[in-house]
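Undergrad: Just one file: structure.csv, with CSV, C-alpha atoms.
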```csv
chain,number,residue,atom,x,y,z
N,1,MET,CA,50.2,-24.4,-52.9
N,2,LEU,CA,49.0,-22.6,-49.8
N,3,LYS,CA,45.8,-20.6,-49.8
N,4,SER,CA,44.8,-17.8,-47.6
N,5,MET,CA,41.4,-17.9,-45.9
N,6,THR,CA,40.8,-14.2,-46.7
N,7,GLY,CA,39.9,-13.2,-50.2
N,8,TYR,CA,37.5,-11.7,-52.7
N,9,GLY,CA,36.2,-12.9,-56.0
N,10,ARG,CA,33.6,-11.7,-58.6
N,11,GLY,CA,31.8,-13.4,-61.5
N,12,GLU,CA,29.5,-11.7,-64.0
N,13,ALA,CA,27.7,-12.9,-67.1
N,14,SER,CA,24.6,-12.4,-69.1
N,15,LEU,CA,22.9,-15.8,-69.6
N,16,HIS,CA,19.5,-16.4,-71.2
N,17,GLN,CA,18.9,-12.6,-71.1
N,18,ARG,CA,19.6,-12.4,-67.4
N,19,ALA,CA,22.4,-10.3,-66.0
N,20,ILE,CA,23.9,-12.3,-63.1
N,21,VAL,CA,26.6,-11.1,-60.7
N,22,VAL,CA,28.1,-13.2,-57.9
N,23,GLU,CA,30.6,-11.8,-55.3
N,24,LEU,CA,32.5,-13.7,-52.6
N,25,ARG,CA,34.2,-12.4,-49.6
N,26,SER,CA,35.8,-14.4,-46.8
N,27,VAL,CA,37.6,-14.0,-43.5
N,28,ASN,CA,39.3,-16.4,-41.1
N,29,ASN,CA,37.2,-19.1,-39.4
N,30,ARG,CA,38.0,-22.4,-37.8
N,31,TYR,CA,35.5,-24.2,-40.0
N,32,LEU,CA,33.7,-23.5,-43.3
N,33,ASP,CA,30.7,-21.1,-42.7
N,34,CYS,CA,29.0,-20.2,-46.0
N,35,ASN,CA,26.3,-17.4,-46.0
N,36,VAL,CA,24.4,-16.7,-49.2
N,37,ARG,CA,22.4,-13.6,-49.9
N,38,LEU,CA,20.2,-13.6,-53.0
N,39,PRO,CA,16.7,-12.4,-54.0
N,40,ARG,CA,14.0,-14.3,-52.2
N,41,VAL,CA,12.3,-15.2,-55.5
N,42,TYR,CA,15.5,-17.1,-56.4
N,43,ALA,CA,16.0,-18.9,-53.1
N,44,CYS,CA,15.8,-22.2,-55.0
N,45,ALA,CA,19.4,-21.6,-56.2
N,46,GLU,CA,20.9,-21.2,-52.7
N,47,GLU,CA,21.7,-24.9,-52.3
N,48,ALA,CA,23.6,-24.9,-55.6
N,49,VAL,CA,25.7,-21.9,-54.5
N,50,VAL,CA,26.5,-23.5,-51.2
N,51,SER,CA,27.4,-26.8,-52.9
N,52,SER,CA,29.8,-24.9,-55.3
N,53,VAL,CA,31.5,-23.1,-52.4
N,54,LYS,CA,32.0,-26.3,-50.4
N,55,GLY,CA,33.6,-27.9,-53.4
N,56,ALA,CA,36.2,-25.2,-53.6
N,57,VAL,CA,36.7,-24.0,-50.1
N,58,SER,CA,37.6,-25.9,-46.9
N,59,ARG,CA,37.8,-23.3,-44.2
N,60,GLY,CA,36.7,-19.7,-43.6
N,61,LYS,CA,33.6,-17.6,-43.2
N,62,VAL,CA,32.5,-17.0,-46.8
N,63,ASP,CA,29.8,-14.4,-47.7
N,64,VAL,CA,28.2,-14.8,-51.1
N,65,THR,CA,26.1,-12.1,-52.7
N,66,VAL,CA,24.0,-13.0,-55.8
N,67,THR,CA,22.2,-10.3,-57.9
N,68,VAL,CA,20.0,-11.2,-60.9
N,69,ASP,CA,18.5,-8.7,-63.4
N,70,SER,CA,15.8,-10.6,-65.3
N,71,SER,CA,14.1,-7.6,-66.8
N,72,ALA,CA,15.3,-8.5,-70.3
N,73,ALA,CA,14.0,-12.0,-69.9
N,74,ASP,CA,10.5,-11.0,-68.8
N,75,ALA,CA,7.8,-12.4,-71.1
N,76,VAL,CA,4.1,-11.9,-70.8
N,77,THR,CA,1.0,-13.4,-72.4
N,78,VAL,CA,-2.1,-11.3,-73.3
N,79,SER,CA,-5.5,-13.0,-73.6
N,80,LEU,CA,-9.1,-11.9,-73.9
N,81,ASN,CA,-11.0,-12.0,-70.7
N,82,ARG,CA,-14.2,-13.2,-72.4
N,83,PRO,CA,-16.6,-12.9,-69.5
N,84,VAL,CA,-15.6,-9.3,-68.8
N,85,ALA,CA,-15.6,-8.3,-72.5
N,86,SER,CA,-19.0,-9.9,-73.0
N,87,GLY,CA,-20.4,-8.1,-70.0
N,88,TYR,CA,-19.2,-4.7,-71.3
N,89,TYR,CA,-20.6,-5.5,-74.8
N,90,GLN,CA,-24.1,-6.5,-73.5
N,91,ALA,CA,-24.2,-3.5,-71.2
N,92,LEU,CA,-23.4,-1.2,-74.1
N,93,ARG,CA,-26.1,-2.8,-76.3
N,94,GLU,CA,-28.6,-2.5,-73.5
N,95,LEU,CA,-27.6,1.2,-73.1
N,96,GLY,CA,-28.2,1.8,-76.8
N,97,GLU,CA,-31.6,0.1,-76.8
N,98,LEU,CA,-32.7,1.9,-73.6
N,99,TYR,CA,-32.0,5.4,-74.8
N,100,GLY,CA,-32.2,4.9,-78.6
N,101,LEU,CA,-28.6,5.5,-79.2
N,102,LYS,CA,-26.7,4.7,-82.3
N,103,ASP,CA,-24.9,1.4,-82.1
N,104,ASP,CA,-21.3,2.3,-82.6
N,105,ILE,CA,-19.6,-0.3,-80.5
N,106,SER,CA,-16.1,-1.0,-81.7
N,107,ILE,CA,-13.0,-3.0,-80.8
N,108,SER,CA,-11.3,0.2,-79.9
N,109,LEU,CA,-14.0,1.2,-77.6
N,110,LEU,CA,-14.2,-2.2,-75.8
N,111,SER,CA,-10.4,-2.4,-75.4
N,112,ARG,CA,-10.4,0.7,-73.3
N,113,PHE,CA,-12.4,-0.8,-70.5
N,114,PRO,CA,-10.4,-2.3,-67.6
N,115,ASP,CA,-9.7,-6.0,-67.3
N,116,VAL,CA,-10.9,-6.8,-70.8
N,117,PHE,CA,-7.5,-8.4,-71.4
N,118,ARG,CA,-5.5,-10.6,-69.1
N,119,VAL,CA,-1.8,-9.8,-68.9
N,120,GLU,CA,0.2,-12.6,-67.3
N,121,LYS,CA,3.9,-13.0,-66.8
N,122,VAL,CA,5.4,-16.3,-68.1
N,123,PRO,CA,6.8,-18.3,-65.2
N,124,GLU,CA,10.6,-18.4,-65.2
N,125,ASN,CA,12.5,-21.6,-65.8
N,126,LEU,CA,13.9,-22.0,-62.3
N,127,GLU,CA,16.1,-25.0,-63.2
N,128,GLU,CA,17.7,-23.1,-66.0
N,129,LEU,CA,18.2,-20.1,-63.7
N,130,THR,CA,19.8,-22.2,-61.0
N,131,GLU,CA,22.3,-23.6,-63.5
N,132,ASP,CA,23.1,-20.1,-64.7
N,133,ILE,CA,23.7,-18.9,-61.1
N,134,ARG,CA,25.9,-22.0,-60.5
N,135,ALA,CA,28.0,-21.2,-63.6
N,136,VAL,CA,28.6,-17.6,-62.6
N,137,THR,CA,29.4,-18.8,-59.0
N,138,GLN,CA,32.1,-21.0,-60.5
N,139,MET,CA,33.5,-17.9,-62.3
N,140,ALA,CA,33.6,-16.0,-59.0
N,141,LEU,CA,35.2,-18.9,-57.2
N,142,LYS,CA,38.0,-19.1,-59.8
N,143,ASP,CA,38.7,-15.4,-59.3
N,144,TYR,CA,38.5,-15.8,-55.5
N,145,ASN,CA,40.8,-18.8,-55.4
N,146,ALA,CA,43.4,-17.0,-57.6
N,147,MET,CA,43.5,-14.2,-55.1
N,148,ARG,CA,43.8,-16.6,-52.2
N,149,ALA,CA,46.6,-18.4,-53.9
N,150,ARG,CA,48.6,-15.2,-54.5
N,151,GLU,CA,48.2,-14.3,-50.8
N,152,GLY,CA,49.1,-17.9,-49.8
N,153,ALA,CA,52.3,-17.7,-51.8
N,154,ARG,CA,53.3,-14.6,-49.9
N,155,LEU,CA,52.5,-16.3,-46.6
N,156,ALA,CA,54.6,-19.3,-47.6
N,157,GLU,CA,57.5,-17.1,-48.4
N,158,ASP,CA,57.3,-15.3,-45.1
N,159,LEU,CA,56.9,-18.6,-43.1
N,160,LEU,CA,59.9,-20.2,-44.8
N,161,SER,CA,62.0,-17.2,-44.1
N,162,ARG,CA,61.1,-17.3,-40.4
N,163,LEU,CA,61.8,-21.0,-40.3
N,164,ASP,CA,65.3,-20.3,-41.5
N,165,THR,CA,65.7,-17.7,-38.7
N,166,LEU,CA,64.3,-20.2,-36.1
N,167,GLU,CA,66.7,-22.8,-37.3
N,168,ARG,CA,69.7,-20.4,-37.1
N,169,LEU,CA,68.7,-19.5,-33.6
N,170,THR,CA,68.4,-23.2,-32.7
N,171,THR,CA,72.0,-23.7,-33.9
N,172,GLN,CA,73.1,-20.8,-31.7
N,173,VAL,CA,71.4,-22.5,-28.7
N,174,GLU,CA,73.2,-25.8,-29.4
N,175,ALA,CA,76.5,-24.0,-29.7
N,176,ARG,CA,76.1,-21.9,-26.6
N,177,SER,CA,74.7,-24.6,-24.3
N,178,PRO,CA,78.1,-26.5,-23.7
N,179,GLU,CA,79.8,-23.1,-23.1
N,180,THR,CA,77.5,-22.4,-20.2
N,181,VAL,CA,78.6,-25.7,-18.6
N,182,ALA,CA,82.2,-24.8,-19.0
N,183,ALA,CA,81.6,-21.3,-17.7
N,184,TYR,CA,79.7,-22.7,-14.7
N,185,ARG,CA,82.6,-25.1,-13.9
N,186,GLN,CA,85.1,-22.2,-14.1
N,187,ARG,CA,82.9,-20.0,-11.7
N,188,LEU,CA,82.5,-23.0,-9.4
N,189,THR,CA,86.3,-23.6,-9.3
N,190,GLU,CA,87.0,-19.9,-8.6
N,191,ARG,CA,84.4,-19.7,-5.8
N,192,ILE,CA,85.8,-22.9,-4.1
N,193,ARG,CA,89.4,-21.6,-4.4
N,194,GLU,CA,88.3,-18.4,-2.7
N,195,VAL,CA,86.7,-20.3,0.1
N,196,LEU,CA,89.5,-22.8,0.6
N,197,GLU,CA,92.3,-20.3,-0.2
N,198,ASP,CA,95.5,-22.4,-0.2
N,199,ARG,CA,94.0,-25.8,0.5
N,200,GLN,CA,93.8,-28.5,-2.1
N,201,ILE,CA,90.7,-28.3,-4.4
N,202,ASP,CA,88.8,-31.6,-4.9
N,203,GLU,CA,88.6,-31.8,-8.7
N,204,SER,CA,86.3,-34.8,-8.6
N,205,ARG,CA,83.7,-32.8,-6.6
N,206,ILE,CA,83.9,-30.0,-9.1
N,207,LEU,CA,83.4,-32.5,-12.0
N,208,THR,CA,80.4,-34.1,-10.2
N,209,GLU,CA,78.8,-30.7,-9.6
N,210,ALA,CA,79.5,-29.6,-13.2
N,211,ALA,CA,77.9,-32.9,-14.4
N,212,VAL,CA,74.8,-32.3,-12.4
N,213,PHE,CA,74.5,-28.8,-13.7
N,214,ALA,CA,75.1,-30.0,-17.3
N,215,ASP,CA,72.2,-32.5,-16.9
N,216,LYS,CA,69.9,-29.8,-15.6
N,217,VAL,CA,70.6,-27.4,-18.4
N,218,ALA,CA,71.0,-29.9,-21.3
N,219,VAL,CA,68.7,-28.9,-24.2
N,220,ALA,CA,69.8,-31.5,-26.7
N,221,GLU,CA,66.5,-33.3,-26.6
N,222,GLU,CA,64.5,-30.1,-27.0
N,223,THR,CA,66.6,-28.9,-29.9
N,224,VAL,CA,66.4,-32.3,-31.7
N,225,ARG,CA,62.6,-32.3,-31.4
N,226,LEU,CA,62.5,-28.6,-32.5
N,227,ARG,CA,64.6,-29.3,-35.6
N,228,SER,CA,62.2,-32.2,-36.4
N,229,HIS,CA,59.2,-29.9,-36.1
N,230,ILE,CA,60.9,-27.3,-38.3
N,231,GLY,CA,61.6,-29.9,-40.9
N,232,GLN,CA,58.0,-31.1,-40.9
N,233,PHE,CA,56.7,-27.6,-41.0
N,234,ARG,CA,59.0,-26.7,-44.0
N,235,ASP,CA,57.9,-29.8,-45.9
N,236,MET,CA,54.2,-29.1,-45.4
N,237,VAL,CA,54.5,-25.5,-46.5
N,238,ARG,CA,56.3,-26.5,-49.7
N,239,GLU,CA,53.8,-29.3,-50.4
N,240,GLY,CA,50.8,-27.0,-49.8
N,241,GLY,CA,47.2,-28.0,-49.5
N,242,VAL,CA,44.7,-27.6,-46.7
N,243,ILE,CA,47.2,-27.6,-43.8
N,244,GLY,CA,46.3,-24.7,-41.6
N,245,ARG,CA,45.3,-26.7,-38.6
N,246,LYS,CA,48.4,-29.0,-38.9
N,247,LEU,CA,50.7,-26.0,-39.1
N,248,ASP,CA,49.0,-24.5,-36.0
N,249,PHE,CA,49.6,-27.8,-34.1
N,250,LEU,CA,53.3,-27.7,-35.1
N,251,ILE,CA,53.6,-24.1,-33.9
N,252,GLN,CA,52.2,-25.2,-30.5
N,253,GLU,CA,54.8,-28.0,-30.3
N,254,MET,CA,57.7,-25.7,-31.3
N,255,ASN,CA,56.5,-23.3,-28.6
N,256,ARG,CA,56.5,-26.1,-26.1
N,257,GLU,CA,60.1,-27.1,-26.9
N,258,THR,CA,61.2,-23.4,-26.9
N,259,ASN,CA,59.6,-22.8,-23.5
N,260,THR,CA,61.3,-25.8,-22.0
N,261,THR,CA,64.6,-24.6,-23.4
N,262,GLY,CA,64.0,-21.2,-21.9
N,263,SER,CA,63.2,-22.7,-18.5
N,264,LYS,CA,66.6,-24.5,-18.5
N,265,CYS,CA,68.6,-21.4,-19.4
N,266,ASN,CA,70.9,-20.1,-16.7
N,267,ASP,CA,72.7,-17.8,-19.1
N,268,LEU,CA,71.9,-14.3,-20.3
N,269,GLU,CA,72.9,-14.9,-23.9
N,270,LEU,CA,70.8,-18.1,-24.1
N,271,SER,CA,67.9,-16.3,-22.6
N,272,THR,CA,68.2,-13.6,-25.3
N,273,ILE,CA,68.2,-16.2,-28.0
N,274,VAL,CA,65.2,-17.9,-26.6
N,275,VAL,CA,63.3,-14.6,-26.5
N,276,GLU,CA,64.1,-14.1,-30.2
N,277,MET,CA,62.8,-17.6,-31.0
N,278,LYS,CA,59.5,-17.0,-29.2
N,279,ALA,CA,59.1,-13.7,-31.1
N,280,GLU,CA,59.5,-15.5,-34.4
N,281,LEU,CA,57.1,-18.3,-33.4
N,282,GLU,CA,54.5,-15.7,-32.4
N,283,LYS,CA,54.8,-14.0,-35.8
N,284,MET,CA,54.5,-17.4,-37.5
N,285,ARG,CA,51.4,-18.3,-35.4
N,286,GLU,CA,49.7,-15.1,-36.5
N,287,GLN,CA,50.4,-15.9,-40.1
N,288,VAL,CA,49.3,-19.5,-39.8
N,289,GLN,CA,45.8,-18.2,-38.6
N,290,ASN,CA,45.3,-17.0,-42.2
N,291,ILE,CA,46.0,-20.3,-43.9
N,292,GLU,CA,43.3,-22.6,-45.1
```
If you convert what's in this file into structure tokens, what do you get?

TA:
Amino acid sequence: MLKSMTGYGRGEASLHQRAIVVELRSVNNRYLDCNVRLPRVYACAEEAVVSSVKGAVSRGKVDVTVTVDSSAADAVTVSLNRPVASGYYQALRELGELYGLKDDISISLLSRFPDVFRVEKVPENLEELTEDIRAVTQMALKDYNAMRAREGARLAEDLLSRLDTLERLTTQVEARSPETVAAYRQRLTERIREVLEDRQIDESRILTEAAVFADKVAVAEETVRLRSHIGQFRDMVREGGVIGRKLDFLIQEMNRETNTTGSKCNDLELSTIVVEMKAELEKMREQVQNIE
């Protein structure tokens, strides 16, 4: 199964009273480049996210966005600030004695003064949070890889279709090449006859010239290698896997054989076929750039 390097995936879950959302987006890249964006307070989970991505993706520029809503999980502890409360109490007692006031100090009164109570947020369990983010990242990666696989299937279908076209054009080159030699021999004979008029034509010389020409324009080696590359390419596409770079290399090799064939062409029809072959290879090259 082929996979595209471009894709999108989303994972969302509420774990331990935290709402976690992970989104992945990727574009083509020669190597794997993973960039994680998450709240600074949860930076401890970045390594876990990167590790998860590396376990599921081989190539591409992957941007991961993590959002965490922990408001429902916030817990606080309230405790009496004894030194402050005692200070207020003693000050109130002193105030009453100094001015002869009625002693009506109450809990309600003291609780109204600032800093009588300490309110502290309970520290989060960062290890638990990291595992929760990792779990949601796996969900996003599953969605992401499913999309890449669907796109990869379309790419494979297109590439196999173009391979069939390339193979058909190669067959046309193989069929046309001997005809160009025969046509050259015919033209050579006619030109010599025009020059010599009624004099005897040296058939052996014509055969020699035709043989030299045939050697110069022979493309059998190129088409044999081209067919071999086509076969390897087709097998790789059907087997799938992380083969983008290998396919790119084979495209280069097929281009080389096609260019060599084109340089040997001394025939308009063959030249036209070669141009079509190059056009198909260029379209294949563009598609291969999207494959992981």

Undergrad: Can you measure atom CA of Ile105 of chain N to atom CA of Arg82 of chain N for me? One decimal in Å is fine.

TA: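 One can read the atom CA of Ile105 of chain N to atom CA of Arg82 of chain N distance as 16.2 Å.
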
Undergrad: Kindly extract all protein, DNA and RNA residues lying within 7 Å of the coordinates (57.4, -27.3, -34.8) given in the file, considering all atoms listed in the file, and supply them as a list in words.

TA: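 Every polymer residue passing the test: Leu226, His229, Ile230, Phe233, Leu250, Ile251, Glu253 and Met254 of chain N.
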
Undergrad: Provide the atom CA of Leu160 of chain N to atom CA of Gln172 of chain N distance in Å, to one decimal place.

TA: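 Computing the Euclidean distance for atom CA of Leu160 of chain N and atom CA of Gln172 of chain N yields 18.6 Å.
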
Undergrad: For the atom pair atom CA of Ser111 of chain N and atom CA of Glu124 of chain N, what is the interatomic distance in Å to one decimal place?

TA: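 Those two atoms sit 28.3 Å apart.
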
Undergrad: In terms of the shortest atom-to-atom distance over all atoms listed in the file, which of N:Leu268, N:Cys44, N:Leu2, N:Leu155 is closest to Glu128 of chain N?

TA: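 Smallest distance to Glu128 of chain N is found for N:Cys44.
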
Undergrad: Select, from N:Met5, N:Ile133, N:Leu169, N:Leu109, the residue with the minimum atom-to-atom distance to Glu47 of chain N, counting all atoms listed in the file.

TA: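 Between N:Met5, N:Ile133, N:Leu169, N:Leu109, the residue approaching Glu47 of chain N most closely is N:Ile133.
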
Undergrad: I want to know what sits within 6 Å of Gly9 of chain N, based on only C-alpha atoms, with residues of the same chain fewer than 4 positions away left out; could you give that as number ranges by chain?

TA: N: 23-24, 140, 143-144

Undergrad: Can you tell me which residues surround Gly152 of chain N at a distance of at most 9 Å, considering all atoms listed in the file, apart from same-chain residues fewer than 3 positions away, and format the answer as a list in words?

TA: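 Final neighbour list, sorted by chain and number: Met1, Leu2, Lys3, Ser4, Met5, Met147, Arg148, Ala149, Leu155, Ala156, Glu157, Asn290, Ile291 and Glu292 of chain N.
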
Undergrad: Could you check the closest approach to Leu141 of chain N for each of N:Gly100, N:Gly231, N:Gly55, N:Gly60 and tell me which residue wins, using only C-alpha atoms?

TA: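 Of N:Gly100, N:Gly231, N:Gly55, N:Gly60, the one nearest Leu141 of chain N is N:Gly55, counting only C-alpha atoms.
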
Undergrad: Measuring between only C-alpha atoms, which one of N:Arg234, N:Lys102, N:Arg59, N:Lys142 shows the shortest distance to Asp164 of chain N?

TA: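 Closest residue, counting only C-alpha atoms: N:Arg234.
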
Undergrad: Using only C-alpha atoms, pick whichever of N:Ala153, N:Leu247, N:Val57, N:Ile273 has the shortest atom-to-atom distance to Ala175 of chain N.

TA: N:Ile273

Undergrad: Excluding Asn35 of chain N and its own-chain neighbours fewer than 4 positions away, which residues fall within 9 Å of it when counting all atoms listed in the file? Please give them as a ChimeraX atom specification.

TA: /N:50,61-65

Undergrad: For the residues selected in the previous step, produce a file with C-alpha atoms as a tab-separated table (two decimals), in the frame of the given file.

TA:
```
chain	number	residue	atom	x	y	z
N	50	VAL	CA	26.50	-23.50	-51.20
N	61	LYS	CA	33.60	-17.60	-43.20
N	62	VAL	CA	32.50	-17.00	-46.80
N	63	ASP	CA	29.80	-14.40	-47.70
N	64	VAL	CA	28.20	-14.80	-51.10
N	65	THR	CA	26.10	-12.10	-52.70
```

Undergrad: Applying 10 Å and all atoms listed in the file, which residues near segment 90-93 of chain N remain after dropping the ones on its own chain fewer than 2 positions away? List them as a list in words.

TA: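 These residues fall inside the cut-off: Ala85, Ser86, Gly87, Tyr88, Leu95, Gly96, Glu97, Leu98, Leu101, Lys102, Asp103, Asp104, Ile105 and Leu110 of chain N.
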
Undergrad: Mind dumping the selected residues with C-alpha atoms as a PDB file, in the coordinates of the input?

TA:
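Done, and the output landed in again-v7.pdb:
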```
ATOM      1  CA  ALA N  85     -15.600  -8.300 -72.500  1.00  0.00           C
ATOM      2  CA  SER N  86     -19.000  -9.900 -73.000  1.00  0.00           C
ATOM      3  CA  GLY N  87     -20.400  -8.100 -70.000  1.00  0.00           C
ATOM      4  CA  TYR N  88     -19.200  -4.700 -71.300  1.00  0.00           C
ATOM      5  CA  LEU N  95     -27.600   1.200 -73.100  1.00  0.00           C
ATOM      6  CA  GLY N  96     -28.200   1.800 -76.800  1.00  0.00           C
ATOM      7  CA  GLU N  97     -31.600   0.100 -76.800  1.00  0.00           C
ATOM      8  CA  LEU N  98     -32.700   1.900 -73.600  1.00  0.00           C
ATOM      9  CA  LEU N 101     -28.600   5.500 -79.200  1.00  0.00           C
ATOM     10  CA  LYS N 102     -26.700   4.700 -82.300  1.00  0.00           C
ATOM     11  CA  ASP N 103     -24.900   1.400 -82.100  1.00  0.00           C
ATOM     12  CA  ASP N 104     -21.300   2.300 -82.600  1.00  0.00           C
ATOM     13  CA  ILE N 105     -19.600  -0.300 -80.500  1.00  0.00           C
ATOM     14  CA  LEU N 110     -14.200  -2.200 -75.800  1.00  0.00           C
TER      15      LEU N 110
END
```

Undergrad: Choose the residue, out of N:Ile243, N:Val66, N:Ala135, N:Val116, that has the smallest atom-to-atom separation from Gln289 of chain N; count all atoms listed in the file.

TA: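 Of the candidates, the smallest distance to Gln289 of chain N is held by N:Ile243.
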
Undergrad: Got a sec to check which residues sit within 12 Å of (46.7, -17.1, -33.5), counting all atoms listed in the file, and write them as a PyMOL selection string?

TA: chain N and resi 28-30+244-245+247-249+251-252+281-291

Undergrad: Applying 12 Å and only C-alpha atoms, which residues near Asn259 of chain N remain after dropping the ones on its own chain fewer than 4 positions away? List them as a PyMOL selection string.

TA: chain N and resi 219+222-223+226+252-255+263-265+271+273-279+281

Undergrad: Any chance you can output those residues with C-alpha atoms as a PDB file, in the coordinates of the input?

TA:
```pdb
ATOM      1  CA  VAL N 219      68.700 -28.900 -24.200  1.00  0.00           C
ATOM      2  CA  GLU N 222      64.500 -30.100 -27.000  1.00  0.00           C
ATOM      3  CA  THR N 223      66.600 -28.900 -29.900  1.00  0.00           C
ATOM      4  CA  LEU N 226      62.500 -28.600 -32.500  1.00  0.00           C
ATOM      5  CA  GLN N 252      52.200 -25.200 -30.500  1.00  0.00           C
ATOM      6  CA  GLU N 253      54.800 -28.000 -30.300  1.00  0.00           C
ATOM      7  CA  MET N 254      57.700 -25.700 -31.300  1.00  0.00           C
ATOM      8  CA  ASN N 255      56.500 -23.300 -28.600  1.00  0.00           C
ATOM      9  CA  SER N 263      63.200 -22.700 -18.500  1.00  0.00           C
ATOM     10  CA  LYS N 264      66.600 -24.500 -18.500  1.00  0.00           C
ATOM     11  CA  CYS N 265      68.600 -21.400 -19.400  1.00  0.00           C
ATOM     12  CA  SER N 271      67.900 -16.300 -22.600  1.00  0.00           C
ATOM     13  CA  ILE N 273      68.200 -16.200 -28.000  1.00  0.00           C
ATOM     14  CA  VAL N 274      65.200 -17.900 -26.600  1.00  0.00           C
ATOM     15  CA  VAL N 275      63.300 -14.600 -26.500  1.00  0.00           C
ATOM     16  CA  GLU N 276      64.100 -14.100 -30.200  1.00  0.00           C
ATOM     17  CA  MET N 277      62.800 -17.600 -31.000  1.00  0.00           C
ATOM     18  CA  LYS N 278      59.500 -17.000 -29.200  1.00  0.00           C
ATOM     19  CA  ALA N 279      59.100 -13.700 -31.100  1.00  0.00           C
ATOM     20  CA  LEU N 281      57.100 -18.300 -33.400  1.00  0.00           C
TER      21      LEU N 281
END
```
